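**Q** Contents are mmCIF, C-alpha atoms; file name query.cif:
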```cif
data_start
#
loop_
_atom_site.label_atom_id
_atom_site.label_comp_id
_atom_site.auth_asym_id
_atom_site.auth_seq_id
_atom_site.Cartn_x
_atom_site.Cartn_y
_atom_site.Cartn_z
CA MET A 6 0.00 0.00 0.00
CA THR A 7 1.42 3.34 -0.97
CA ILE A 8 0.61 6.66 0.59
CA SER A 9 -1.20 8.74 -2.01
CA LEU A 10 -3.78 11.48 -2.20
CA GLU A 11 -6.57 9.55 -0.46
CA GLU A 12 -4.71 9.12 2.81
CA TYR A 13 -3.94 12.83 3.02
CA LEU A 14 -7.55 13.70 2.20
CA ILE A 15 -8.78 11.40 4.98
CA VAL A 16 -6.39 13.00 7.49
CA GLY A 17 -7.61 16.43 6.35
CA ALA A 18 -11.25 15.39 6.72
CA ILE A 19 -10.69 14.04 10.23
CA LEU A 20 -8.80 17.18 11.25
CA PHE A 21 -11.55 19.38 9.81
CA ALA A 22 -14.24 17.41 11.66
CA ILE A 23 -12.36 17.66 14.96
CA GLY A 24 -11.97 21.40 14.44
CA LEU A 25 -15.67 21.68 13.69
CA TYR A 26 -16.51 19.78 16.87
CA ILE A 27 -14.25 22.03 18.95
CA ALA A 28 -15.67 25.19 17.38
CA LEU A 29 -19.24 24.08 18.04
CA SER A 30 -18.96 22.54 21.47
CA LYS A 31 -16.45 24.61 23.46
CA ARG A 32 -17.76 27.06 25.97
CA ASN A 33 -14.73 29.34 25.99
CA ALA A 34 -14.44 31.82 23.13
CA ILE A 35 -10.70 31.21 22.83
CA GLY A 36 -11.39 27.47 22.58
CA VAL A 37 -13.75 28.17 19.70
CA LEU A 38 -10.99 30.14 17.96
CA MET A 39 -8.70 27.11 18.35
CA GLY A 40 -11.29 25.01 16.53
CA VAL A 41 -11.46 27.53 13.70
CA GLU A 42 -7.67 27.46 13.37
CA LEU A 43 -7.71 23.67 13.18
CA MET A 44 -10.32 23.80 10.40
CA LEU A 45 -8.20 26.27 8.42
CA ASN A 46 -5.20 23.98 8.89
CA ALA A 47 -7.15 21.02 7.57
CA VAL A 48 -8.15 22.99 4.48
CA ASN A 49 -4.51 23.97 3.92
CA LEU A 50 -3.45 20.34 4.23
CA THR A 51 -6.03 19.28 1.67
CA LEU A 52 -4.97 22.01 -0.76
CA VAL A 53 -1.28 21.13 -0.48
CA ALA A 54 -2.10 17.44 -0.96
CA PHE A 55 -3.98 18.25 -4.18
CA SER A 56 -1.11 20.43 -5.39
CA ARG A 57 1.35 17.62 -4.76
CA PHE A 58 -0.58 14.73 -6.29
CA THR A 59 -2.74 16.00 -9.12
CA ASP A 60 -1.07 16.64 -12.43
CA THR A 61 -2.51 19.99 -13.47
CA GLY A 62 0.56 22.17 -13.92
CA VAL A 63 -0.55 24.79 -11.39
CA ALA A 64 1.01 23.19 -8.31
CA LEU A 65 2.64 26.35 -7.04
CA SER A 66 -0.45 28.51 -7.54
CA THR A 67 -2.11 26.28 -4.96
CA GLN A 68 0.70 26.96 -2.56
CA VAL A 69 0.32 30.71 -3.13
CA PHE A 70 -3.33 30.33 -2.15
CA VAL A 71 -2.25 28.53 1.01
CA VAL A 72 0.01 31.48 1.83
CA PHE A 73 -2.99 33.79 1.50
CA ILE A 74 -5.10 31.52 3.71
CA ILE A 75 -2.41 31.61 6.39
CA ALA A 76 -2.35 35.43 6.22
CA VAL A 77 -6.15 35.60 6.55
CA ALA A 78 -6.02 33.18 9.49
CA ALA A 79 -3.47 35.37 11.24
CA ALA A 80 -5.62 38.47 10.76
CA GLU A 81 -8.72 36.60 11.91
CA VAL A 82 -7.15 35.31 15.10
CA ALA A 83 -5.74 38.75 15.98
CA VAL A 84 -9.17 40.40 15.68
CA GLY A 85 -10.91 37.48 17.38
CA LEU A 86 -8.64 37.53 20.40
CA ALA A 87 -8.96 41.32 20.67
CA LEU A 88 -12.75 40.88 20.66
CA ALA A 89 -12.46 38.24 23.37
CA MET A 90 -10.42 40.66 25.49
CA VAL A 91 -12.96 43.46 25.03
CA VAL A 92 -15.81 41.13 25.96
CA TYR A 93 -13.87 40.02 29.01
CA ARG A 94 -13.28 43.63 30.04
CA ASN A 95 -16.99 44.44 29.81
CA ARG A 96 -18.57 41.22 31.09
CA GLN A 97 -15.77 39.60 33.15
CA THR A 98 -16.22 36.38 31.21
CA VAL A 99 -15.49 34.88 27.81
CA SER A 100 -17.92 32.01 28.28
CA LEU A 101 -20.14 31.95 25.23
CA ASP A 102 -23.11 30.70 27.28
CA ARG A 103 -23.05 33.83 29.42
CA ILE A 104 -22.61 36.40 26.66
CA ASN A 105 -26.35 36.64 26.09
CA LEU A 106 -27.11 40.34 26.14
CA LEU A 107 -28.82 40.17 22.75
CA ARG A 108 -30.64 36.91 23.36
CA TRP A 109 -34.28 37.00 22.43
CA MET B 16 6.70 6.39 -2.61
CA SER B 17 6.49 3.00 -0.97
CA ASP B 18 9.61 3.09 1.16
CA VAL B 19 9.45 2.46 4.87
CA GLY B 20 10.68 5.86 5.97
CA PHE B 21 7.92 7.67 4.12
CA HIS B 22 5.27 5.40 5.64
CA LEU B 23 6.73 5.93 9.08
CA ALA B 24 6.79 9.70 8.61
CA PHE B 25 3.26 9.89 7.28
CA TRP B 26 1.66 7.72 9.93
CA SER B 27 3.52 9.22 12.88
CA LEU B 28 2.84 12.79 11.72
CA SER B 29 -0.82 11.99 11.12
CA ALA B 30 -1.04 10.47 14.59
CA LEU B 31 0.63 13.58 16.04
CA THR B 32 -1.76 15.89 14.22
CA ILE B 33 -4.98 14.06 15.01
CA GLY B 34 -3.89 13.07 18.50
CA GLY B 35 -3.05 16.67 19.33
CA ALA B 36 -6.42 17.79 17.99
CA LEU B 37 -8.21 15.14 20.06
CA MET B 38 -6.31 16.16 23.19
CA ILE B 39 -7.68 19.71 22.74
CA ILE B 40 -11.14 18.23 23.20
CA VAL B 41 -10.13 16.17 26.21
CA SER B 42 -7.91 18.57 28.17
CA ARG B 43 -9.67 20.58 30.86
CA ASN B 44 -7.14 23.40 31.13
CA LEU B 45 -7.14 25.88 28.28
CA ILE B 46 -3.36 26.39 28.49
CA HIS B 47 -2.80 22.67 28.01
CA ALA B 48 -5.19 22.87 25.07
CA VAL B 49 -2.98 25.53 23.45
CA ILE B 50 0.09 23.29 23.95
CA PHE B 51 -1.72 20.44 22.19
CA LEU B 52 -2.79 22.86 19.46
CA ILE B 53 0.90 23.65 18.90
CA LEU B 54 1.61 19.91 18.64
CA SER B 55 -1.10 19.60 16.03
CA PHE B 56 0.30 22.56 14.06
CA ILE B 57 3.77 20.99 14.10
CA GLY B 58 2.27 17.74 12.82
CA VAL B 59 0.64 19.59 9.93
CA ALA B 60 3.99 21.26 9.16
CA GLY B 61 5.61 17.82 9.01
CA LEU B 62 2.87 16.61 6.67
CA PHE B 63 3.62 19.63 4.46
CA ILE B 64 7.23 18.45 4.28
CA THR B 65 6.14 14.95 3.25
CA LEU B 66 4.10 16.66 0.52
CA SER B 67 7.31 18.39 -0.66
CA ALA B 68 6.02 21.83 0.35
CA ASP B 69 9.04 22.91 2.38
CA PHE B 70 8.39 26.66 2.17
CA LEU B 71 4.85 26.22 3.47
CA ALA B 72 6.09 24.05 6.31
CA LEU B 73 8.41 26.83 7.45
CA VAL B 74 5.63 29.42 7.10
CA GLN B 75 3.35 27.16 9.10
CA ILE B 76 5.83 26.90 11.96
CA LEU B 77 6.60 30.63 11.82
CA VAL B 78 3.04 31.92 11.68
CA TYR B 79 1.00 29.32 13.55
CA VAL B 80 3.41 28.20 16.24
CA GLY B 81 5.37 31.43 16.47
CA ALA B 82 2.58 33.98 16.27
CA ILE B 83 -0.92 32.56 16.60
CA ALA B 84 -0.27 30.14 19.45
CA VAL B 85 1.67 32.76 21.42
CA LEU B 86 -1.14 35.27 20.78
CA MET B 87 -3.64 32.73 22.13
CA LEU B 88 -1.50 32.15 25.22
CA PHE B 89 -1.39 35.91 25.81
CA ALA B 90 -5.17 36.17 25.38
CA ILE B 91 -5.70 33.37 27.89
CA LEU B 92 -3.33 34.95 30.38
CA LEU B 93 -4.95 38.37 29.96
CA THR B 94 -8.44 37.03 30.71
CA PRO B 95 -7.56 35.49 34.07
CA ARG B 96 -10.86 34.84 35.77
CA ALA B 97 -12.48 33.94 32.49
CA ALA B 98 -12.54 30.29 33.35
CA ARG B 99 -9.32 28.69 32.23
CA ASP B 100 -11.50 25.64 31.98
CA ASN B 101 -12.16 24.22 28.57
CA GLU B 102 -15.60 22.84 29.20
CA GLU B 103 -18.09 21.78 26.57
CA SER B 104 -21.59 23.13 26.26
CA LEU B 105 -24.85 21.37 25.51
CA MET B 106 -24.02 21.58 21.80
CA ARG B 107 -21.72 18.59 22.43
CA TYR B 108 -24.04 15.87 21.15
CA PRO B 109 -25.23 17.56 17.94
CA ALA B 110 -21.62 18.55 17.26
CA MET B 111 -20.52 14.93 17.77
CA ILE B 112 -23.11 13.74 15.25
CA LEU B 113 -22.01 16.43 12.81
CA MET B 114 -18.36 15.42 13.29
CA GLY B 115 -19.21 11.83 12.46
CA LEU B 116 -21.13 12.87 9.36
CA VAL B 117 -18.30 15.12 8.14
CA ILE B 118 -15.72 12.36 8.63
CA ALA B 119 -17.94 9.83 6.84
CA ALA B 120 -18.58 12.21 3.95
CA GLY B 121 -14.89 13.13 3.66
CA VAL B 122 -13.72 9.52 3.67
CA PHE B 123 -16.40 8.53 1.17
CA VAL B 124 -15.52 11.37 -1.23
CA ALA B 125 -11.79 10.73 -0.88
CA LEU B 126 -12.09 7.04 -1.64
CA GLU B 127 -14.82 7.03 -4.26
CA THR B 128 -13.74 9.88 -6.51
CA ASP B 129 -11.50 9.38 -9.51
CA TRP B 130 -8.87 12.05 -8.99
CA GLY B 131 -7.40 11.80 -12.47
CA PRO B 132 -3.76 11.35 -13.39
CA MET B 133 -1.33 11.50 -10.49
CA ARG B 134 1.97 13.31 -10.56
CA GLU B 135 5.02 11.12 -10.19
CA GLY B 136 7.91 12.30 -8.08
CA ALA B 137 8.33 15.33 -5.89
CA ILE B 138 8.03 19.02 -6.74
CA GLY B 139 11.29 20.94 -6.70
CA THR B 140 12.25 23.86 -4.50
CA GLN B 141 9.45 26.39 -4.41
CA ALA B 142 10.39 29.43 -2.36
CA LYS B 143 11.83 31.28 -5.36
CA ILE B 144 8.89 30.46 -7.64
CA ILE B 145 6.32 31.34 -4.98
CA GLY B 146 8.05 34.65 -4.34
CA GLU B 147 8.20 35.49 -8.03
CA SER B 148 4.55 34.65 -8.64
CA LEU B 149 3.59 36.73 -5.59
CA ILE B 150 5.01 39.84 -7.22
CA ASN B 151 4.08 39.02 -10.82
CA GLN B 152 0.93 36.99 -11.25
CA TYR B 153 -0.64 37.49 -7.83
CA VAL B 154 0.48 41.03 -7.07
CA LEU B 155 -3.07 42.35 -6.60
CA PRO B 156 -4.11 39.71 -4.01
CA PHE B 157 -0.73 40.23 -2.38
CA GLU B 158 -1.36 43.96 -1.96
CA ILE B 159 -4.93 43.35 -0.81
CA GLY B 160 -3.58 40.90 1.74
CA ALA B 161 -1.11 43.50 2.97
CA VAL B 162 -3.90 46.07 3.40
CA MET B 163 -6.07 43.47 5.12
CA LEU B 164 -3.31 42.56 7.58
CA THR B 165 -2.68 46.22 8.37
CA ALA B 166 -6.38 46.89 8.87
CA ALA B 167 -6.78 43.81 11.05
CA LEU B 168 -3.81 44.70 13.25
CA VAL B 169 -4.88 48.33 13.63
CA GLY B 170 -8.40 47.13 14.43
CA ALA B 171 -7.12 44.64 16.98
CA ILE B 172 -5.03 47.28 18.72
CA ALA B 173 -7.92 49.77 18.67
CA LEU B 174 -10.23 47.16 20.19
CA ALA B 175 -7.87 45.90 22.83
CA ARG B 176 -6.51 49.26 23.95
CA GLN B 177 -7.61 50.14 27.45
CA ASP B 178 -9.03 53.64 27.59
CA ASP B 179 -8.45 55.38 30.87
CA GLU B 180 -11.28 57.80 30.34
CA ASP B 181 -11.75 59.05 33.88
CA LEU B 182 -8.07 59.88 34.19
CA PRO B 183 -6.91 62.07 31.27
CA ILE B 184 -3.33 61.85 30.13
CA HIS B 185 -2.21 65.26 31.31
CA THR B 186 -3.66 64.57 34.77
CA ALA B 187 -1.79 61.26 34.92
CA SER B 188 1.50 62.92 34.00
CA LEU B 189 0.89 65.64 36.57
CA ILE B 190 0.33 62.99 39.23
CA GLU B 191 3.54 61.29 38.18
CA GLU B 192 5.48 64.52 38.60
CA GLY B 193 4.01 65.04 42.04
CA VAL B 194 2.10 68.22 41.14
CA LEU B 195 -1.27 66.62 41.87
CA PRO B 196 -2.00 64.19 44.69
CA PRO B 197 -2.85 60.67 43.50
CA PRO B 198 -6.59 59.95 43.42
CA ASP B 199 -7.74 57.86 46.34
CA GLY B 200 -10.37 55.91 44.41
CA ASP B 201 -9.99 53.20 41.80
CA ALA B 202 -6.51 54.17 40.64
CA ALA B 203 -5.05 53.14 43.99
CA ASP B 204 -7.00 49.88 43.96
CA ALA B 205 -6.17 48.96 40.40
CA PRO B 206 -2.65 47.54 40.92
CA ALA B 207 -3.81 45.43 43.85
CA GLY B 208 -6.73 43.92 41.95
CA PRO B 209 -5.06 41.26 39.81
CA GLY B 210 -2.74 40.22 42.62
CA ASP B 211 -5.65 39.05 44.74
CA ASP B 212 -6.61 36.32 42.33
CA SER B 213 -3.37 34.38 42.54
#
```
Just give me the structure as structure tokens.

**A**
Amino acid sequence: MTISLEEYLIVGAILFAIGLYIALSKRNAIGVLMGVELMLNAVNLTLVAFSRFTDTGVALSTQVFVVFIIAVAAAEVAVGLALAMVVYRNRQTVSLDRINLLRW
Amino acid sequence: MSDVGFHLAFWSLSALTIGGALMIIVSRNLIHAVIFLILSFIGVAGLFITLSADFLALVQILVYVGAIAVLMLFAILLTPRAARDNEESLMRYPAMILMGLVIAAGVFVALETDWGPMREGAIGTQAKIIGESLINQYVLPFEIGAVMLTAALVGAIALARQDDEDLPIHTASLIEEGVLPPPDGDAADAPAGPGDDS
């Protein structure tokens, strides 16, 4: 058995699903951000696996896209953590179950 | 592609990645969760190397482990009473079902699709080509990304900055120089506040 595209895709799918579970089920806002980061990592892994194994001639364009995804992830986590700090300063908590000011 | 070393690298790095991600779910302390997140990021960087994407592996280590994980640690340390605990909410069971469905769908699609002709052999060194295409072919997204990063960092600083609105700056400097007496209210209590928690 050789390691080819399918194995990498399965690892990416499992990593994405775990990230999804963390993002949906964690109570702490920073924990949710960790799940989002894991999902972005899984997508990057899948993209790089496609660029390595499929024979389309645009392998390095895929890697340029991955560079952009990493930049967007960095911006996202900076703003997200700043928001978590502001929420903590106002409500003394980052628990998503207790941030319910706008709940109907 | 069938040699033993490659198999060993792939399976151990996959186990590191997925095991680290699973330990984030299990660990109760949020700081431990960040450590396991770093482990998972390093596993993904190793998988990038097995996919002959050496530049991306270095970027992964640099950005995710060097910047994002440290930023998360700082955010956790700056929200002290905000429950270091990493508990799960009632969304746990629907999320578990959704996780199972996503894994099943991903495995099914990965195994059942005909992915077309496969490339043989590794890709060569890419840092030079990626850099050249960033300033030739992809120069517009590159500039947009630069503007986006600047805007995001300025926004993050503007959000996280602590405004001391009831103590204007010139008053604070006058207190420092001893012209004005220090206020007896919250300013005197403020340094003692965080120390009480530990």

**Q** Hey, can you check how far CA of Ala83 in chain A sits from CA of Asn95 in chain A?

**A**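 Between CA of Ala83 in chain A and CA of Asn95 in chain A the gap works out to 18.7 Å.
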
**Q** Skipping near chain neighbours, those fewer than 6 positions away, what residues fall within 6 Å of range 36-52 of chain A using all atoms listed in the file, listed as a ChimeraX atom specification?

**A** /A:14,17,20-21,24,27-28,71

**Q** Could you write out as a ChimeraX atom specification the residues that the PyMOL selection byres ((chain A) within 7 of (chain B)) matches in the shown file?

**A** /A:7-8,11,14-16,18-20,22-23,25-27,29-33,36,54,57-60,65,69,79-80,82-84,86-88,90-91,93,97-99

**Q** Filtering to C-alpha atoms, could you give me those residues as a compact mmCIF listing (two decimals), in the coordinates of the input?

**A**
```txt
# COMPACT_ATOMS: atom_id res chain seq x y z
CA THR A 7 1.42 3.34 -0.97
CA ILE A 8 0.61 6.66 0.59
CA GLU A 11 -6.57 9.55 -0.46
CA LEU A 14 -7.55 13.70 2.20
CA ILE A 15 -8.78 11.40 4.98
CA VAL A 16 -6.39 13.00 7.49
CA ALA A 18 -11.25 15.39 6.72
CA ILE A 19 -10.69 14.04 10.23
CA LEU A 20 -8.80 17.18 11.25
CA ALA A 22 -14.24 17.41 11.66
CA ILE A 23 -12.36 17.66 14.96
CA LEU A 25 -15.67 21.68 13.69
CA TYR A 26 -16.51 19.78 16.87
CA ILE A 27 -14.25 22.03 18.95
CA LEU A 29 -19.24 24.08 18.04
CA SER A 30 -18.96 22.54 21.47
CA LYS A 31 -16.45 24.61 23.46
CA ARG A 32 -17.76 27.06 25.97
CA ASN A 33 -14.73 29.34 25.99
CA GLY A 36 -11.39 27.47 22.58
CA ALA A 54 -2.10 17.44 -0.96
CA ARG A 57 1.35 17.62 -4.76
CA PHE A 58 -0.58 14.73 -6.29
CA THR A 59 -2.74 16.00 -9.12
CA ASP A 60 -1.07 16.64 -12.43
CA LEU A 65 2.64 26.35 -7.04
CA VAL A 69 0.32 30.71 -3.13
CA ALA A 79 -3.47 35.37 11.24
CA ALA A 80 -5.62 38.47 10.76
CA VAL A 82 -7.15 35.31 15.10
CA ALA A 83 -5.74 38.75 15.98
CA VAL A 84 -9.17 40.40 15.68
CA LEU A 86 -8.64 37.53 20.40
CA ALA A 87 -8.96 41.32 20.67
CA LEU A 88 -12.75 40.88 20.66
CA MET A 90 -10.42 40.66 25.49
CA VAL A 91 -12.96 43.46 25.03
CA TYR A 93 -13.87 40.02 29.01
CA GLN A 97 -15.77 39.60 33.15
CA THR A 98 -16.22 36.38 31.21
CA VAL A 99 -15.49 34.88 27.81
```

**Q** Quick one: distance from CA of Ala34 in chain A to CA of Val72 in chain A in Å, one decimal?

**A**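 Between CA of Ala34 in chain A and CA of Val72 in chain A the gap is 25.7 Å.
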
**Q** Under the rule that all atoms listed in the file are counted, which of A:Gln68, A:Ser100, A:Asn105, A:Ser56 is the nearest residue to Tyr13 in chain A?

**A**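 Ranked by minimum distance to Tyr13 in chain A, first place goes to A:Ser56.
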
**Q** What are the centre and edge lengths in Å, to one decimal, of the axis-aligned box around all listed atoms of range 68-74 of chain A with 8 Å added on each side, as AutoDock Vina command-line options?

**A**
```
--center_x -2.2 --center_y 30.4 --center_z 0.3 --size_x 21.8 --size_y 22.8 --size_z 22.8
```

**Q** Counting only C-alpha atoms, figure out which residue out of A:Val92, A:Val53, A:Ala76, A:Leu10 gets nearest to Ile35 in chain A.

**A**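 Distance minimum relative to Ile35 in chain A lands on A:Val92.
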
**Q** Just to confirm, what's the straight-line distance from CA of Phe51 in chain B to CA of Asp102 in chain A in Å (one decimal)?

**A**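 Computing the Euclidean distance for CA of Phe51 in chain B and CA of Asp102 in chain A yields 24.3 Å.
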